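protein_18.cif follows; it contains mmCIF, C-alpha atoms and all ligand atoms.
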data_start
loop_
_atom_site.group_PDB
_atom_site.id
_atom_site.type_symbol
_atom_site.label_atom_id
_atom_site.label_comp_id
_atom_site.auth_asym_id
_atom_site.auth_seq_id
_atom_site.Cartn_x
_atom_site.Cartn_y
_atom_site.Cartn_z
ATOM 1 C CA MET R 235 9.806 -15.989 -12.047
ATOM 2 C CA LYS R 236 6.252 -15.293 -10.936
ATOM 3 C CA ILE R 237 5.795 -11.978 -9.129
ATOM 4 C CA VAL R 238 2.600 -10.770 -7.473
ATOM 5 C CA VAL R 239 2.297 -7.037 -6.862
ATOM 6 C CA LEU R 240 -0.248 -5.887 -4.292
ATOM 7 C CA ILE R 241 -1.685 -2.687 -5.684
ATOM 8 C CA LYS R 242 -4.180 -0.567 -3.787
ATOM 9 C CA ALA R 243 -6.806 1.764 -5.269
ATOM 10 C CA VAL R 244 -6.901 4.874 -3.067
ATOM 11 C CA PRO R 245 -8.639 8.259 -3.191
ATOM 12 C CA ASP R 246 -6.555 10.749 -5.172
ATOM 13 C CA THR R 247 -4.423 12.652 -2.691
ATOM 14 C CA ALA R 248 -5.071 15.833 -4.690
ATOM 15 C CA ASP R 249 -8.780 15.598 -3.749
ATOM 16 C CA GLU R 250 -10.201 16.156 -0.299
ATOM 17 C CA ARG R 251 -10.665 12.805 1.413
ATOM 18 C CA ILE R 252 -14.026 12.354 3.046
ATOM 19 C CA LEU R 253 -15.105 10.077 5.889
ATOM 20 C CA ASP R 254 -18.708 8.908 5.578
ATOM 21 C CA PRO R 255 -20.470 10.340 8.680
ATOM 22 C CA GLN R 256 -22.733 7.266 9.011
ATOM 23 C CA THR R 257 -20.261 4.422 8.535
ATOM 24 C CA TYR R 258 -17.053 6.291 9.494
ATOM 25 C CA ARG R 259 -15.424 4.732 6.458
ATOM 26 C CA VAL R 260 -13.451 6.527 3.797
ATOM 27 C CA ASP R 261 -15.862 7.515 1.038
ATOM 28 C CA ARG R 262 -14.404 5.568 -1.872
ATOM 29 C CA GLU R 263 -17.134 6.514 -4.331
ATOM 30 C CA GLU R 264 -16.409 10.266 -4.274
ATOM 31 C CA GLY R 265 -13.615 11.758 -6.349
ATOM 32 C CA ASP R 266 -10.975 10.013 -8.443
ATOM 33 C CA GLN R 267 -9.464 6.736 -7.315
ATOM 34 C CA ILE R 268 -5.892 6.109 -8.341
ATOM 35 C CA ILE R 269 -3.249 3.429 -7.793
ATOM 36 C CA ASP R 270 -1.457 4.252 -4.566
ATOM 37 C CA GLU R 271 1.848 5.826 -5.568
ATOM 38 C CA ILE R 272 4.105 3.444 -3.647
ATOM 39 C CA THR R 273 2.290 0.410 -5.059
ATOM 40 C CA GLU R 274 2.892 1.890 -8.531
ATOM 41 C CA ARG R 275 6.589 1.927 -7.659
ATOM 42 C CA ALA R 276 6.272 -1.704 -6.489
ATOM 43 C CA LEU R 277 4.778 -2.521 -9.883
ATOM 44 C CA GLU R 278 7.595 -0.664 -11.631
ATOM 45 C CA LEU R 279 10.115 -2.857 -9.798
ATOM 46 C CA ALA R 280 8.316 -6.002 -10.981
ATOM 47 C CA LEU R 281 8.091 -4.685 -14.555
ATOM 48 C CA SER R 282 11.809 -3.846 -14.572
ATOM 49 C CA VAL R 283 12.497 -7.520 -13.739
ATOM 50 C CA LYS R 284 10.222 -8.492 -16.626
ATOM 51 C CA ASP R 285 12.082 -6.042 -18.930
ATOM 52 C CA ARG R 286 15.301 -7.968 -18.212
ATOM 53 C CA ASP R 287 13.760 -11.451 -18.326
ATOM 54 C CA LYS R 288 10.731 -11.819 -20.584
ATOM 55 C CA THR R 289 9.775 -15.133 -18.942
ATOM 56 C CA THR R 290 8.821 -13.211 -15.787
ATOM 57 C CA GLU R 291 5.098 -13.214 -15.071
ATOM 58 C CA VAL R 292 3.660 -10.214 -13.235
ATOM 59 C CA ILE R 293 0.261 -10.541 -11.562
ATOM 60 C CA VAL R 294 -1.379 -7.579 -9.847
ATOM 61 C CA ALA R 295 -3.816 -8.237 -7.011
ATOM 62 C CA THR R 296 -6.124 -5.937 -5.146
ATOM 63 C CA MET R 297 -9.011 -6.122 -2.718
ATOM 64 C CA GLY R 298 -11.335 -3.215 -3.262
ATOM 65 C CA PRO R 299 -14.692 -2.005 -4.534
ATOM 66 C CA ALA R 300 -15.907 -2.300 -8.139
ATOM 67 C CA HIS R 301 -14.013 0.775 -9.336
ATOM 68 C CA ALA R 302 -10.696 -0.846 -8.273
ATOM 69 C CA ILE R 303 -10.860 -2.604 -11.659
ATOM 70 C CA LYS R 304 -9.635 0.694 -13.164
ATOM 71 C CA ALA R 305 -6.460 0.414 -11.089
ATOM 72 C CA ILE R 306 -6.003 -3.172 -12.287
ATOM 73 C CA ARG R 307 -6.561 -2.172 -15.942
ATOM 74 C CA LYS R 308 -4.032 0.636 -15.584
ATOM 75 C CA ALA R 309 -1.493 -1.812 -14.143
ATOM 76 C CA LEU R 310 -2.164 -4.169 -17.066
ATOM 77 C CA SER R 311 -1.680 -1.300 -19.521
ATOM 78 C CA MET R 312 1.684 -0.590 -17.879
ATOM 79 C CA GLY R 313 2.776 -4.180 -18.553
ATOM 80 C CA ALA R 314 1.416 -6.575 -15.905
ATOM 81 C CA ASP R 315 0.194 -9.884 -17.368
ATOM 82 C CA SER R 316 -2.979 -10.525 -15.393
ATOM 83 C CA GLY R 317 -4.989 -9.315 -12.427
ATOM 84 C CA ILE R 318 -6.864 -10.604 -9.417
ATOM 85 C CA HIS R 319 -9.705 -8.504 -8.043
ATOM 86 C CA VAL R 320 -11.103 -9.507 -4.653
ATOM 87 C CA LEU R 321 -14.556 -7.970 -4.797
ATOM 88 C CA ASP R 322 -17.346 -8.631 -2.330
ATOM 89 C CA ASP R 323 -19.874 -6.404 -0.565
ATOM 90 C CA SER R 324 -19.230 -8.326 2.655
ATOM 91 C CA LEU R 325 -15.676 -6.956 2.582
ATOM 92 C CA ILE R 326 -16.684 -3.282 2.539
ATOM 93 C CA GLY R 327 -14.996 -1.584 5.500
ATOM 94 C CA ALA R 328 -12.872 -4.671 6.190
ATOM 95 C CA ASP R 329 -10.317 -4.151 8.925
ATOM 96 C CA LEU R 330 -6.673 -5.095 8.715
ATOM 97 C CA VAL R 331 -7.190 -8.616 10.076
ATOM 98 C CA LEU R 332 -9.893 -9.461 7.523
ATOM 99 C CA THR R 333 -8.035 -7.768 4.652
ATOM 100 C CA ALA R 334 -4.844 -9.715 5.375
ATOM 101 C CA ALA R 335 -6.649 -13.074 5.757
ATOM 102 C CA THR R 336 -8.589 -12.535 2.523
ATOM 103 C CA LEU R 337 -5.600 -11.443 0.444
ATOM 104 C CA ALA R 338 -3.574 -14.353 1.857
ATOM 105 C CA ALA R 339 -6.307 -16.741 0.672
ATOM 106 C CA ALA R 340 -6.201 -15.129 -2.785
ATOM 107 C CA LEU R 341 -2.412 -15.505 -3.072
ATOM 108 C CA ARG R 342 -1.838 -18.828 -1.297
ATOM 109 C CA ASP R 343 -2.026 -21.167 -4.307
ATOM 110 C CA LEU R 344 -0.517 -18.898 -6.954
ATOM 111 C CA GLY R 345 3.002 -20.273 -6.508
ATOM 112 C CA ALA R 346 4.593 -16.805 -6.647
ATOM 113 C CA GLU R 347 8.318 -16.589 -5.916
ATOM 114 C CA LEU R 348 8.001 -12.950 -4.935
ATOM 115 C CA ILE R 349 5.195 -10.799 -3.525
ATOM 116 C CA ILE R 350 5.842 -7.046 -3.639
ATOM 117 C CA ALA R 351 3.811 -4.537 -1.624
ATOM 118 C CA GLY R 352 4.212 -0.918 -0.597
ATOM 119 C CA ASN R 353 5.493 -0.142 2.914
ATOM 120 C CA GLU R 354 2.411 2.042 3.498
ATOM 121 C CA SER R 355 -0.392 3.646 1.547
ATOM 122 C CA THR R 356 -1.894 7.113 1.455
ATOM 123 C CA ASP R 357 -5.190 5.945 3.001
ATOM 124 C CA GLY R 358 -4.714 3.016 5.416
ATOM 125 C CA ARG R 359 -1.043 3.650 6.081
ATOM 126 C CA ALA R 360 -0.709 1.273 9.027
ATOM 127 C CA GLY R 361 1.779 -0.597 6.849
ATOM 128 C CA MET R 362 0.906 -3.752 8.765
ATOM 129 C CA LEU R 363 -0.761 -5.706 6.002
ATOM 130 C CA PRO R 364 2.415 -7.193 4.438
ATOM 131 C CA ALA R 365 3.595 -8.432 7.869
ATOM 132 C CA MET R 366 0.237 -10.116 8.487
ATOM 133 C CA LEU R 367 0.400 -11.633 5.017
ATOM 134 C CA SER R 368 3.839 -13.033 5.721
ATOM 135 C CA GLU R 369 2.486 -14.650 8.901
ATOM 136 C CA HIS R 370 -0.513 -16.143 7.051
ATOM 137 C CA LEU R 371 1.591 -17.470 4.184
ATOM 138 C CA GLY R 372 4.596 -18.505 6.285
ATOM 139 C CA LEU R 373 6.941 -16.438 4.102
ATOM 140 C CA PRO R 374 9.909 -14.256 5.055
ATOM 141 C CA LEU R 375 9.305 -10.504 4.849
ATOM 142 C CA LEU R 376 11.926 -7.945 3.908
ATOM 143 C CA GLY R 377 10.174 -4.740 4.867
ATOM 144 C CA SER R 378 10.702 -1.084 3.917
ATOM 145 C CA LEU R 379 13.475 -1.716 1.400
ATOM 146 C CA THR R 380 15.174 1.215 -0.256
ATOM 147 C CA THR R 381 16.985 -1.010 -2.777
ATOM 148 C CA ALA R 382 16.372 -4.527 -4.084
ATOM 149 C CA GLU R 383 18.525 -6.976 -6.058
ATOM 150 C CA MET R 384 17.067 -10.210 -7.399
ATOM 151 C CA SER R 385 19.242 -13.223 -8.160
ATOM 152 C CA ALA R 386 18.358 -16.794 -9.098
ATOM 153 C CA GLN R 387 18.572 -17.813 -5.435
ATOM 154 C CA GLY R 388 16.783 -14.993 -3.699
ATOM 155 C CA ILE R 389 16.414 -11.329 -3.012
ATOM 156 C CA SER R 390 18.594 -8.898 -1.127
ATOM 157 C CA GLY R 391 18.223 -5.243 -0.342
ATOM 158 C CA GLN R 392 18.904 -2.384 1.985
ATOM 159 C CA ARG R 393 16.752 -0.602 4.485
ATOM 160 C CA GLN R 394 17.462 2.432 6.587
ATOM 161 C CA SER R 395 17.037 2.284 10.331
ATOM 162 C CA GLU R 396 17.967 4.642 13.143
ATOM 163 C CA ALA R 397 21.029 2.460 13.721
ATOM 164 C CA GLY R 398 22.193 2.732 10.092
ATOM 165 C CA THR R 399 21.777 0.856 6.840
ATOM 166 C CA GLN R 400 20.795 -2.785 7.112
ATOM 167 C CA GLU R 401 21.598 -5.346 4.397
ATOM 168 C CA VAL R 402 18.867 -8.001 4.349
ATOM 169 C CA THR R 403 18.399 -11.149 2.271
ATOM 170 C CA ALA R 404 15.813 -13.890 1.817
ATOM 171 C CA THR R 405 15.447 -16.909 -0.421
ATOM 172 C CA TYR R 406 12.336 -17.330 -2.561
ATOM 173 C CA PRO R 407 9.453 -17.420 -1.980
ATOM 174 C CA ALA R 408 9.422 -14.132 -0.085
ATOM 175 C CA ILE R 409 7.519 -10.908 0.468
ATOM 176 C CA ILE R 410 9.139 -7.496 0.208
ATOM 177 C CA THR R 411 7.803 -4.004 0.777
ATOM 178 C CA VAL R 412 9.263 -1.043 -1.044
ATOM 179 C CA THR R 413 9.415 2.611 -0.076
ATOM 180 C CA GLU R 414 9.056 5.832 -2.048
ATOM 181 C CA ARG R 415 12.827 5.595 -2.691
ATOM 182 C CA PHE R 416 12.096 3.210 -5.587
ATOM 183 C CA ALA R 417 11.795 4.465 -9.157
ATOM 184 C CA GLU R 418 8.620 6.194 -10.316
ATOM 185 C CA ALA R 419 6.266 4.106 -12.387
ATOM 186 C CA ARG R 420 6.335 4.197 -16.178
ATOM 187 C CA PHE R 421 3.434 5.638 -18.183
ATOM 188 C CA PRO R 422 1.293 3.195 -20.137
ATOM 189 C CA ASN R 423 1.820 3.498 -23.904
ATOM 190 C CA PHE R 424 -0.894 3.231 -26.573
ATOM 191 C CA LYS R 425 -0.116 -0.426 -27.337
ATOM 192 C CA GLY R 426 -0.254 -1.222 -23.627
ATOM 193 C CA ILE R 427 -3.623 0.487 -23.206
ATOM 194 C CA LEU R 428 -5.130 -1.471 -26.118
ATOM 195 C CA GLY R 429 -3.570 -4.761 -24.968
ATOM 196 C CA ALA R 430 -4.806 -4.328 -21.366
ATOM 197 C CA LYS R 431 -8.400 -4.903 -22.454
ATOM 198 C CA ARG R 432 -7.566 -8.471 -23.529
ATOM 199 C CA LYS R 433 -5.551 -9.450 -20.460
ATOM 200 C CA PRO R 434 -7.278 -11.742 -17.942
ATOM 201 C CA VAL R 435 -8.648 -10.493 -14.611
ATOM 202 C CA ALA R 436 -9.997 -13.062 -12.132
ATOM 203 C CA THR R 437 -12.700 -11.702 -9.832
ATOM 204 C CA LYS R 438 -12.864 -13.551 -6.510
ATOM 205 C CA SER R 439 -15.578 -13.358 -3.866
ATOM 206 C CA ALA R 440 -15.004 -13.921 -0.156
ATOM 207 C CA ALA R 441 -16.893 -17.246 -0.367
ATOM 208 C CA GLU R 442 -14.751 -18.463 -3.285
ATOM 209 C CA LEU R 443 -11.622 -17.696 -1.314
ATOM 210 C CA GLY R 444 -12.993 -19.317 1.834
ATOM 211 C CA ALA R 445 -11.045 -16.794 3.895
ATOM 212 C CA GLY R 446 -13.506 -17.427 6.714
ATOM 213 C CA ALA R 447 -12.669 -14.431 8.871
ATOM 214 C CA GLN R 448 -14.541 -11.326 9.885
ATOM 215 C CA SER R 449 -13.594 -7.827 10.903
ATOM 216 C CA LEU R 450 -12.630 -7.833 14.559
ATOM 217 C CA THR R 451 -12.779 -4.065 14.872
ATOM 218 C CA THR R 452 -15.188 -1.287 13.937
ATOM 219 C CA VAL R 453 -14.783 2.459 14.096
ATOM 220 C CA ALA R 454 -17.347 3.536 16.735
ATOM 221 C CA GLN R 455 -16.856 7.291 16.777
ATOM 222 C CA ILE R 456 -14.990 10.050 15.037
ATOM 223 C CA LEU R 457 -14.337 13.141 17.101
ATOM 224 C CA PRO R 458 -14.316 16.476 15.294
ATOM 225 C CA ARG R 459 -10.944 18.074 14.854
ATOM 226 C CA PRO R 460 -10.337 20.459 17.790
ATOM 227 C CA ALA R 461 -10.470 24.140 16.869
ATOM 228 C CA ARG R 462 -7.081 25.761 16.498
ATOM 229 C CA SER R 463 -6.078 28.205 19.206
ATOM 230 C CA ALA R 464 -3.695 31.084 18.647
ATOM 231 C CA GLY R 465 -0.097 30.096 19.359
ATOM 232 C CA ALA R 466 2.058 31.655 22.065
ATOM 233 C CA LYS R 467 4.426 34.379 20.900
ATOM 234 C CA ILE R 468 7.711 34.853 22.707
ATOM 235 C CA ILE R 469 9.461 38.144 22.044
ATOM 236 C CA ASP R 470 13.100 38.137 22.990
ATOM 237 C CA ASP R 471 13.720 41.176 25.160
ATOM 238 C CA GLY R 472 16.621 39.483 26.897
ATOM 239 C CA GLN R 473 14.511 36.812 28.665
ATOM 240 C CA GLY R 474 13.427 34.993 25.479
ATOM 241 C CA ALA R 475 15.506 31.862 26.053
ATOM 242 C CA ASP R 476 14.214 31.452 29.620
ATOM 243 C CA GLU R 477 10.628 32.001 28.504
ATOM 244 C CA LEU R 478 11.052 29.412 25.719
ATOM 245 C CA ILE R 479 12.438 26.851 28.178
ATOM 246 C CA THR R 480 9.534 27.507 30.575
ATOM 247 C CA PHE R 481 7.052 27.162 27.691
ATOM 248 C CA LEU R 482 8.515 23.852 26.445
ATOM 249 C CA THR R 483 8.976 22.431 29.962
ATOM 250 C CA ALA R 484 5.326 23.145 30.846
ATOM 251 C CA ARG R 485 4.284 21.056 27.829
ATOM 252 C CA HIS R 486 6.742 18.245 28.649
ATOM 253 C CA LEU R 487 8.501 18.857 25.349
ATOM 254 C CA ILE R 488 11.954 19.025 26.912
HETATM 255 C C1 LIG S 1 -11.026 5.461 8.211
HETATM 256 C C2 LIG S 1 -10.355 4.142 8.441
HETATM 257 C C3 LIG S 1 -10.669 3.398 9.562
HETATM 258 C C4 LIG S 1 -10.066 2.172 9.805
HETATM 259 N N1 LIG S 1 -10.379 1.495 10.909
HETATM 260 C C5 LIG S 1 -9.787 0.311 11.178
HETATM 261 C C6 LIG S 1 -10.078 -0.417 12.359
HETATM 262 O O1 LIG S 1 -10.882 0.004 13.178
HETATM 263 N N2 LIG S 1 -9.437 -1.599 12.552
HETATM 264 C C7 LIG S 1 -8.528 -2.091 11.674
HETATM 265 O O2 LIG S 1 -8.000 -3.181 11.885
HETATM 266 N N3 LIG S 1 -8.229 -1.418 10.563
HETATM 267 C C8 LIG S 1 -8.829 -0.231 10.305
HETATM 268 N N4 LIG S 1 -8.509 0.467 9.182
HETATM 269 C C9 LIG S 1 -7.400 -0.010 8.451
HETATM 270 C C10 LIG S 1 -7.680 -0.683 7.144
HETATM 271 O O3 LIG S 1 -8.477 -1.761 7.220
HETATM 272 C C11 LIG S 1 -6.290 -0.988 6.686
HETATM 273 O O4 LIG S 1 -5.772 0.259 6.328
HETATM 274 C C12 LIG S 1 -6.188 -1.890 5.516
HETATM 275 O O5 LIG S 1 -6.524 -3.187 5.892
HETATM 276 C C13 LIG S 1 -4.784 -1.878 4.905
HETATM 277 O O6 LIG S 1 -3.812 -2.266 5.875
HETATM 278 P P1 LIG S 1 -2.535 -1.349 6.198
HETATM 279 O O7 LIG S 1 -3.005 0.024 6.596
HETATM 280 O O8 LIG S 1 -1.640 -2.118 7.094
HETATM 281 O O9 LIG S 1 -1.818 -1.300 4.826
HETATM 282 P P2 LIG S 1 -1.411 -0.006 4.046
HETATM 283 O O10 LIG S 1 -0.412 0.749 4.843
HETATM 284 O O11 LIG S 1 -2.663 0.675 3.584
HETATM 285 O O12 LIG S 1 -0.734 -0.654 2.791
HETATM 286 C C14 LIG S 1 0.532 -1.344 2.805
HETATM 287 C C15 LIG S 1 0.596 -2.166 1.551
HETATM 288 O O13 LIG S 1 -0.275 -3.303 1.648
HETATM 289 C C16 LIG S 1 -0.887 -3.545 0.384
HETATM 290 N N5 LIG S 1 -2.347 -3.388 0.524
HETATM 291 C C17 LIG S 1 -3.013 -2.785 1.526
HETATM 292 N N6 LIG S 1 -4.335 -2.873 1.325
HETATM 293 C C18 LIG S 1 -4.505 -3.540 0.160
HETATM 294 C C19 LIG S 1 -5.630 -3.939 -0.603
HETATM 295 N N7 LIG S 1 -6.873 -3.664 -0.205
HETATM 296 N N8 LIG S 1 -5.438 -4.622 -1.746
HETATM 297 C C20 LIG S 1 -4.171 -4.909 -2.165
HETATM 298 N N9 LIG S 1 -3.082 -4.545 -1.494
HETATM 299 C C21 LIG S 1 -3.232 -3.874 -0.352
HETATM 300 C C22 LIG S 1 -0.324 -2.529 -0.605
HETATM 301 O O14 LIG S 1 0.767 -3.082 -1.272
HETATM 302 C C23 LIG S 1 0.122 -1.405 0.306
HETATM 303 O O15 LIG S 1 1.170 -0.640 -0.242
HETATM 304 C C24 LIG S 1 -9.107 1.689 8.899
HETATM 305 C C25 LIG S 1 -8.782 2.426 7.768
HETATM 306 C C26 LIG S 1 -9.395 3.642 7.525
HETATM 307 C C27 LIG S 1 -9.006 4.404 6.287
#

Encoded form using structure tokens:
Amino acid sequence: MKIVVLIKAVPDTADERILDPQTYRVDREEGDQIIDEITERALELALSVKDRDKTTEVIVATMGPAHAIKAIRKALSMGADSGIHVLDDSLIGADLVLTAATLAAALRDLGAELIIAGNESTDGRAGMLPAMLSEHLGLPLLGSLTTAEMSAQGISGQRQSEAGTQEVTATYPAIITVTERFAEARFPNFKGILGAKRKPVATKSAAELGAGAQSLTTVAQILPRPARSAGAKIIDDGQGADELITFLTARHLI
């Protein structure tokens, strides 16, 4: 089986994330960039399939700036076989529409049975990209899975909704997104780190992919965070419940 894992290089959540005041984009040059935690779990799922069946091929793909290669190399050191890095200055600040169209172009001819993504990331976190990808590629999407079982015919899994637990299935080829309920990623070992240097990484430009789209949206303004005001304090001297109801009603909270 050929599995593509969509990994995303994101600013380390332990660092302060900064928006560039000129471009209103996340400053991706400052601080450490790491593999988004949920995409690491997505990779772990793919590698666990490979552990059971050595014929499985795991490809990691990312669209991101030059330093995203570190995320790819880390994924290769964990056990992925090869990487695809979509790298192009024209894609800096790409919106969701452009990102999805470009990644779809990068994945279209790979012949993957399964594409695994995270259900959201710590920076973009719209969680819309996999759905757009499924539309572009004409593939079924099983989103926000909390479990996944692969068989020769297809994939099945569970997801939680307000109505309860849903059991969902799809035949290959398919796209799934996984949540933080999946297992944590393994650490690369010494052999893996050495081997990663020899594994192939294909770098693709926007022109090579012929994605032919452009960002439809731009961030025009960022408003400063409003100053915090002191909260209201209700002291219960017998009227506390009434005062609380009045307070919440005035703010349309009940
Ligand atoms: C400050 C800021 C402003 C933005 N403004 C706009 C805007 O105006 N208009 C607009 O359309 N979008 C905007 N975006 C959104 C941004 O373009 C999207 O976050 C991005 O395209 C990822 O989509 P997502 O949020 O749906 O996916 P996420 O929730 O970030 O990720 C879901 C999954 O998709 C996969 N994935 C996502 N991105 C990549 C990638 N680059 N490479 C590989 N896999 C990936 C991963 O598997 C990930 O787990 C903005 C983002 C930021 C941080």

Using all atoms listed in the file, what residues lie at most 8 Å away from (4.9, -0.7, -14.7) (file coordinates), given as number ranges by chain? R: 274-275, 277-282, 309, 312-314, 419-422

Restricting the calculation to only C-alpha atoms: of R:Ser311, R:Ser390, R:Thr381, R:Thr480, which residue gets closest to R:Thr413?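 Closest to R:Thr413, using only C-alpha atoms: R:Thr381.
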
Once you count only C-alpha atoms and all ligand atoms, which residues end up within 6 Å of ligand LIG 1 (chain S), and could you hand them over as a short mmCIF file (atom, residue, chain, number, x, y, z; two decimals) with C-alpha atoms, in the coordinates of the input?
data_model
loop_
_atom_site.label_atom_id
_atom_site.label_comp_id
_atom_site.auth_asym_id
_atom_site.auth_seq_id
_atom_site.Cartn_x
_atom_site.Cartn_y
_atom_site.Cartn_z
CA LEU R 240 -0.25 -5.89 -4.29
CA ILE R 241 -1.68 -2.69 -5.68
CA LYS R 242 -4.18 -0.57 -3.79
CA ARG R 259 -15.42 4.73 6.46
CA VAL R 260 -13.45 6.53 3.80
CA THR R 273 2.29 0.41 -5.06
CA ALA R 295 -3.82 -8.24 -7.01
CA THR R 296 -6.12 -5.94 -5.15
CA MET R 297 -9.01 -6.12 -2.72
CA GLY R 298 -11.34 -3.22 -3.26
CA ALA R 328 -12.87 -4.67 6.19
CA ASP R 329 -10.32 -4.15 8.93
CA LEU R 330 -6.67 -5.10 8.72
CA VAL R 331 -7.19 -8.62 10.08
CA THR R 333 -8.04 -7.77 4.65
CA ALA R 351 3.81 -4.54 -1.62
CA GLY R 352 4.21 -0.92 -0.60
CA ASN R 353 5.49 -0.14 2.91
CA GLU R 354 2.41 2.04 3.50
CA SER R 355 -0.39 3.65 1.55
CA ASP R 357 -5.19 5.94 3.00
CA GLY R 358 -4.71 3.02 5.42
CA ARG R 359 -1.04 3.65 6.08
CA ALA R 360 -0.71 1.27 9.03
CA GLY R 361 1.78 -0.60 6.85
CA MET R 362 0.91 -3.75 8.76
CA LEU R 363 -0.76 -5.71 6.00
CA PRO R 364 2.42 -7.19 4.44
CA THR R 451 -12.78 -4.07 14.87
CA THR R 452 -15.19 -1.29 13.94
CA VAL R 453 -14.78 2.46 14.10
#

Residue among R:Gly429, R:Gly472, R:Pro245, R:Pro434 lying closest to R:Glu271, counting all atoms listed in the file: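 Looking at the shortest contact to R:Glu271, the residue is R:Pro245.
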
What would the selection look like, as an MDAnalysis selection string, if the PyMOL selection byres (((chain R and resi 344) around 12) and not hetatm) were run on the coordinates I just shared? chainID R and resid 235:238 291:295 317:318 337:343 345:349 371 407

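When the PyMOL selection byres (((chain R and resi 438) around 6) and not hetatm) is evaluated against the file, it yields Val320, Thr437 and Ser439 of chain R.
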
At what distance in Å, to one decimal, does atom CA of R:Leu332 lie from atom CA of R:Gln448?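 One can read the atom CA of R:Gln448 to atom CA of R:Leu332 distance as 5.5 Å.
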
Please provide as a ChimeraX atom specification all residues within 12 Å of R:Ile488, with the sequence filter that same-chain residues fewer than 6 positions apart are discarded (counting only C-alpha atoms). /R:478-482

Distance atom CA of R:Thr380-atom CA of R:Gln267, one decimal place?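 These atoms are spaced 26.2 Å apart.
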
In Å, rounded to a single decimal, give me how far atom CA of R:Ala386 is from atom CA of R:Gly398.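 These atoms are spaced 27.6 Å apart.
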
With all atoms of stretch 454-463 of chain R from the file as input, state the centre and edge lengths in Å to one decimal of the axis-aligned box that has 5 Å extra on each side, as JSON.
{"center_x": -11.7, "center_y": 15.9, "center_z": 17.0, "size_x": 21.3, "size_y": 34.7, "size_z": 14.4}

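Shortest separation to R:Asp270 among R:Gln394, R:Thr290, R:Thr247, R:Thr257 occurs at residue R:Thr247, atoms counted being all atoms listed in the file.
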
Do you know which residues are at most 10 Å from R:Ala441 counting all atoms listed in the file, after dropping those on the same chain fewer than 6 positions away, and could you put them as number ranges by chain? R: 322, 324, 336

To verify the selection step, state as a PyMOL selection string which residues the PyMOL selection byres (((chain R and resi 388) around 12) and not hetatm) yields on this input. chain R and resi 235+347-348+374+376+382-387+389-391+402-410

Close residues, R:Pro255 itself excluded, 12 Å, all atoms listed in the file, min 5 positions apart in chain, as a list in words: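 Skipping anything fewer than 5 positions along the chain leaves Val260, Asp261, Val453, Ala454, Gln455, Ile456, Leu457 and Pro458 of chain R.
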
Have a look at R:Glu401, R:Leu310, R:Leu253, R:Ile272 and name the one nearest to R:Lys425; count only C-alpha atoms.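 Checking each of R:Glu401, R:Leu310, R:Leu253, R:Ile272 against R:Lys425, counting only C-alpha atoms, the winner is R:Leu310.
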
From R:Ala243, R:Gly474, R:Ala417, R:Ala440, residue lying nearest R:Leu321 [all atoms listed in the file]: R:Ala440
